[in-house]
Each structure stands twice: as structure tokens, then as C-alpha cells.
Amino acid sequence: MRCVIARYPFDLTKAGVLASMKGIRPELVTGESVTIGRRRYPVKQVGRVITRQDPRDFTAREVSRAMTRLGFTCHGSPEGAPVGKGGPAVLRAASALPGGGGPVAV
């Protein structure tokens, strides 16, 4: 099936994606994800592997759309996903410092 990801056309097949992801360890899922085989991968990781492009060049939505069209199950962002580096605890810790005042953007 022909898919356009980051303005480049790719001829993808379900078998081709399965073969590309074989032996690849899933990274930590913090956003959208896709189930390939028995594993759940972040869509940006899958996009990086199958297109060999930098993940900043394409959106998670582009890869999710392609994976759904190929028959893979895609998932939205998990509840309680980490927020930035360190998460909300960093904001609480920064406000507790002398002169910390309110929350600080990380």
C-alpha cells in the first residue's frame, strides 16, 4: 500500500513492517502507540524504523494513519503520561525552593 509520510511516498506492507520491527526493542510508550505482533511500540519509533527518517520530520498522526490502513491496532496517549523531564514533581519541588514562588516551566 502506498503511504505518504513526511511528504515522501512509501510502499508499505504489513509483512514488511513486521519484518522491519522484528528484533527491535520497544521504547517507553509516552504518547500514541501501535501494537505490532505482541509488542506495543511508540508510533514515532515505528516511523523512524520503517522510513529511516528523523522523527522530527513526520507526525505521529501520519504514521498512525498508515499503520491503521495496514491493519495494525493503534492506541492514543496513555492516561497519566509523563509531562516533560521529571514530570509534575519537578514543578512542586521548584515552588518549594526559597523564592521559588509558583510553578516553573521545565
# chains A, B, ... in the order shown; residues from 1 in each chain; ligands from 1

call {"tool": "residues_around", "arguments": {"residues": "range 10-24 of chain A", "least_positions_apart": "6", "cutoff": "10 Å", "atoms": "only C-alpha atoms", "output": "PDB file with N, CA, C and O atoms, in the first residue's frame"}}
result
ATOM      1  N   MET A   1       0.841  -1.160   0.000  1.00  0.00           N
ATOM      2  CA  MET A   1       0.000   0.000   0.000  1.00  0.00           C
ATOM      3  C   MET A   1       0.898   1.238   0.000  1.00  0.00           C
ATOM      4  O   MET A   1       1.891   1.299   0.715  1.00  0.00           O
ATOM      5  N   ARG A   2       0.517   2.205  -0.788  1.00  0.00           N
ATOM      6  CA  ARG A   2       1.292   3.435  -0.888  1.00  0.00           C
ATOM      7  C   ARG A   2       0.843   4.417   0.198  1.00  0.00           C
ATOM      8  O   ARG A   2      -0.330   4.733   0.303  1.00  0.00           O
ATOM      9  N   CYS A   3       1.801   4.897   0.995  1.00  0.00           N
ATOM     10  CA  CYS A   3       1.531   5.853   2.066  1.00  0.00           C
ATOM     11  C   CYS A   3       2.486   7.031   1.913  1.00  0.00           C
ATOM     12  O   CYS A   3       3.624   6.857   1.501  1.00  0.00           O
ATOM     13  N   VAL A   4       2.010   8.203   2.271  1.00  0.00           N
ATOM     14  CA  VAL A   4       2.864   9.391   2.253  1.00  0.00           C
ATOM     15  C   VAL A   4       3.145   9.776   3.696  1.00  0.00           C
ATOM     16  O   VAL A   4       2.228  10.044   4.474  1.00  0.00           O
ATOM     17  N   ILE A  36       2.347  -4.152  17.292  1.00  0.00           N
ATOM     18  CA  ILE A  36       2.914  -4.907  16.177  1.00  0.00           C
ATOM     19  C   ILE A  36       3.339  -6.251  16.748  1.00  0.00           C
ATOM     20  O   ILE A  36       4.224  -6.307  17.603  1.00  0.00           O
ATOM     21  N   GLY A  37       2.697  -7.300  16.275  1.00  0.00           N
ATOM     22  CA  GLY A  37       2.927  -8.619  16.859  1.00  0.00           C
ATOM     23  C   GLY A  37       2.363  -8.623  18.265  1.00  0.00           C
ATOM     24  O   GLY A  37       1.206  -8.288  18.485  1.00  0.00           O
ATOM     25  N   ARG A  39       3.967  -6.852  20.717  1.00  0.00           N
ATOM     26  CA  ARG A  39       4.597  -5.717  21.387  1.00  0.00           C
ATOM     27  C   ARG A  39       3.909  -4.399  21.024  1.00  0.00           C
ATOM     28  O   ARG A  39       3.351  -4.261  19.944  1.00  0.00           O
ATOM     29  N   TYR A  41       4.642  -0.476  20.444  1.00  0.00           N
ATOM     30  CA  TYR A  41       5.716   0.464  20.142  1.00  0.00           C
ATOM     31  C   TYR A  41       5.176   1.890  20.054  1.00  0.00           C
ATOM     32  O   TYR A  41       4.061   2.098  19.581  1.00  0.00           O
ATOM     33  N   GLN A  45       8.734   5.740  16.998  1.00  0.00           N
ATOM     34  CA  GLN A  45       9.792   4.744  16.840  1.00  0.00           C
ATOM     35  C   GLN A  45       9.539   3.908  15.595  1.00  0.00           C
ATOM     36  O   GLN A  45      10.449   3.655  14.808  1.00  0.00           O
ATOM     37  N   VAL A  46       8.293   3.493  15.400  1.00  0.00           N
ATOM     38  CA  VAL A  46       7.948   2.701  14.214  1.00  0.00           C
ATOM     39  C   VAL A  46       8.213   3.515  12.959  1.00  0.00           C
ATOM     40  O   VAL A  46       8.821   3.028  12.000  1.00  0.00           O
ATOM     41  N   GLY A  47       7.795   4.781  12.962  1.00  0.00           N
ATOM     42  CA  GLY A  47       8.031   5.643  11.806  1.00  0.00           C
ATOM     43  C   GLY A  47       9.505   5.802  11.502  1.00  0.00           C
ATOM     44  O   GLY A  47       9.923   5.787  10.336  1.00  0.00           O
ATOM     45  N   VAL A  49      11.912   3.664  12.158  1.00  0.00           N
ATOM     46  CA  VAL A  49      12.465   2.411  11.645  1.00  0.00           C
ATOM     47  C   VAL A  49      12.018   2.167  10.197  1.00  0.00           C
ATOM     48  O   VAL A  49      12.837   1.835   9.347  1.00  0.00           O
ATOM     49  N   ILE A  50      10.726   2.335   9.917  1.00  0.00           N
ATOM     50  CA  ILE A  50      10.244   1.975   8.569  1.00  0.00           C
ATOM     51  C   ILE A  50      10.568   3.017   7.510  1.00  0.00           C
ATOM     52  O   ILE A  50      10.680   2.672   6.337  1.00  0.00           O
ATOM     53  N   THR A  51      10.752   4.308   7.911  1.00  0.00           N
ATOM     54  CA  THR A  51      11.063   5.327   6.911  1.00  0.00           C
ATOM     55  C   THR A  51      12.535   5.705   6.877  1.00  0.00           C
ATOM     56  O   THR A  51      12.980   6.342   5.935  1.00  0.00           O
ATOM     57  N   ALA A  66      -1.124   5.402   8.623  1.00  0.00           N
ATOM     58  CA  ALA A  66      -0.565   4.358   7.756  1.00  0.00           C
ATOM     59  C   ALA A  66      -0.675   2.982   8.413  1.00  0.00           C
ATOM     60  O   ALA A  66      -1.069   1.999   7.770  1.00  0.00           O
ATOM     61  N   MET A  67      -0.357   2.910   9.710  1.00  0.00           N
ATOM     62  CA  MET A  67      -0.422   1.626  10.410  1.00  0.00           C
ATOM     63  C   MET A  67      -1.863   1.110  10.507  1.00  0.00           C
ATOM     64  O   MET A  67      -2.103  -0.087  10.355  1.00  0.00           O
ATOM     65  N   ARG A  69      -4.258   1.735   8.340  1.00  0.00           N
ATOM     66  CA  ARG A  69      -4.616   1.268   6.992  1.00  0.00           C
ATOM     67  C   ARG A  69      -4.009  -0.101   6.682  1.00  0.00           C
ATOM     68  O   ARG A  69      -4.573  -0.868   5.912  1.00  0.00           O
ATOM     69  N   LEU A  70      -2.863  -0.410   7.302  1.00  0.00           N
ATOM     70  CA  LEU A  70      -2.235  -1.717   7.098  1.00  0.00           C
ATOM     71  C   LEU A  70      -2.850  -2.804   7.975  1.00  0.00           C
ATOM     72  O   LEU A  70      -2.535  -3.975   7.825  1.00  0.00           O
ATOM     73  N   GLY A  71      -3.696  -2.409   8.932  1.00  0.00           N
ATOM     74  CA  GLY A  71      -4.369  -3.394   9.767  1.00  0.00           C
ATOM     75  C   GLY A  71      -3.819  -3.541  11.173  1.00  0.00           C
ATOM     76  O   GLY A  71      -4.228  -4.433  11.902  1.00  0.00           O
ATOM     77  N   PHE A  72      -2.898  -2.664  11.565  1.00  0.00           N
ATOM     78  CA  PHE A  72      -2.363  -2.705  12.922  1.00  0.00           C
ATOM     79  C   PHE A  72      -3.289  -1.922  13.851  1.00  0.00           C
ATOM     80  O   PHE A  72      -4.003  -1.029  13.411  1.00  0.00           O
TER      81      PHE A  72
END

call {"tool": "select_by_dssp", "arguments": {"residues": "range 21-92 of chain A", "states": "alpha helix (DSSP H)", "output": "MDAnalysis selection string"}}
result
chainID A and resid 21 43:51 60:70 88:92

call {"tool": "atom_distance", "arguments": {"atom1": "CA of Thr73 in chain A", "atom2": "CA of Pro42 in chain A"}}
result
12.0 Å

call {"tool": "select_by_dssp", "arguments": {"residues": "range 20-86 of chain A", "states": "strand (DSSP E or B)", "output": "list in words"}}
result
Ser33, Val34, Thr35, Ile36, Arg39, Arg40, Tyr41, Pro42, Thr73, Cys74 and His75 of chain A

call {"tool": "closest_residue", "arguments": {"among": "A:Arg56, A:Arg25, A:Arg7, A:Arg61", "to": "Arg40 in chain A", "atoms": "only C-alpha atoms"}}
result
A:Arg25
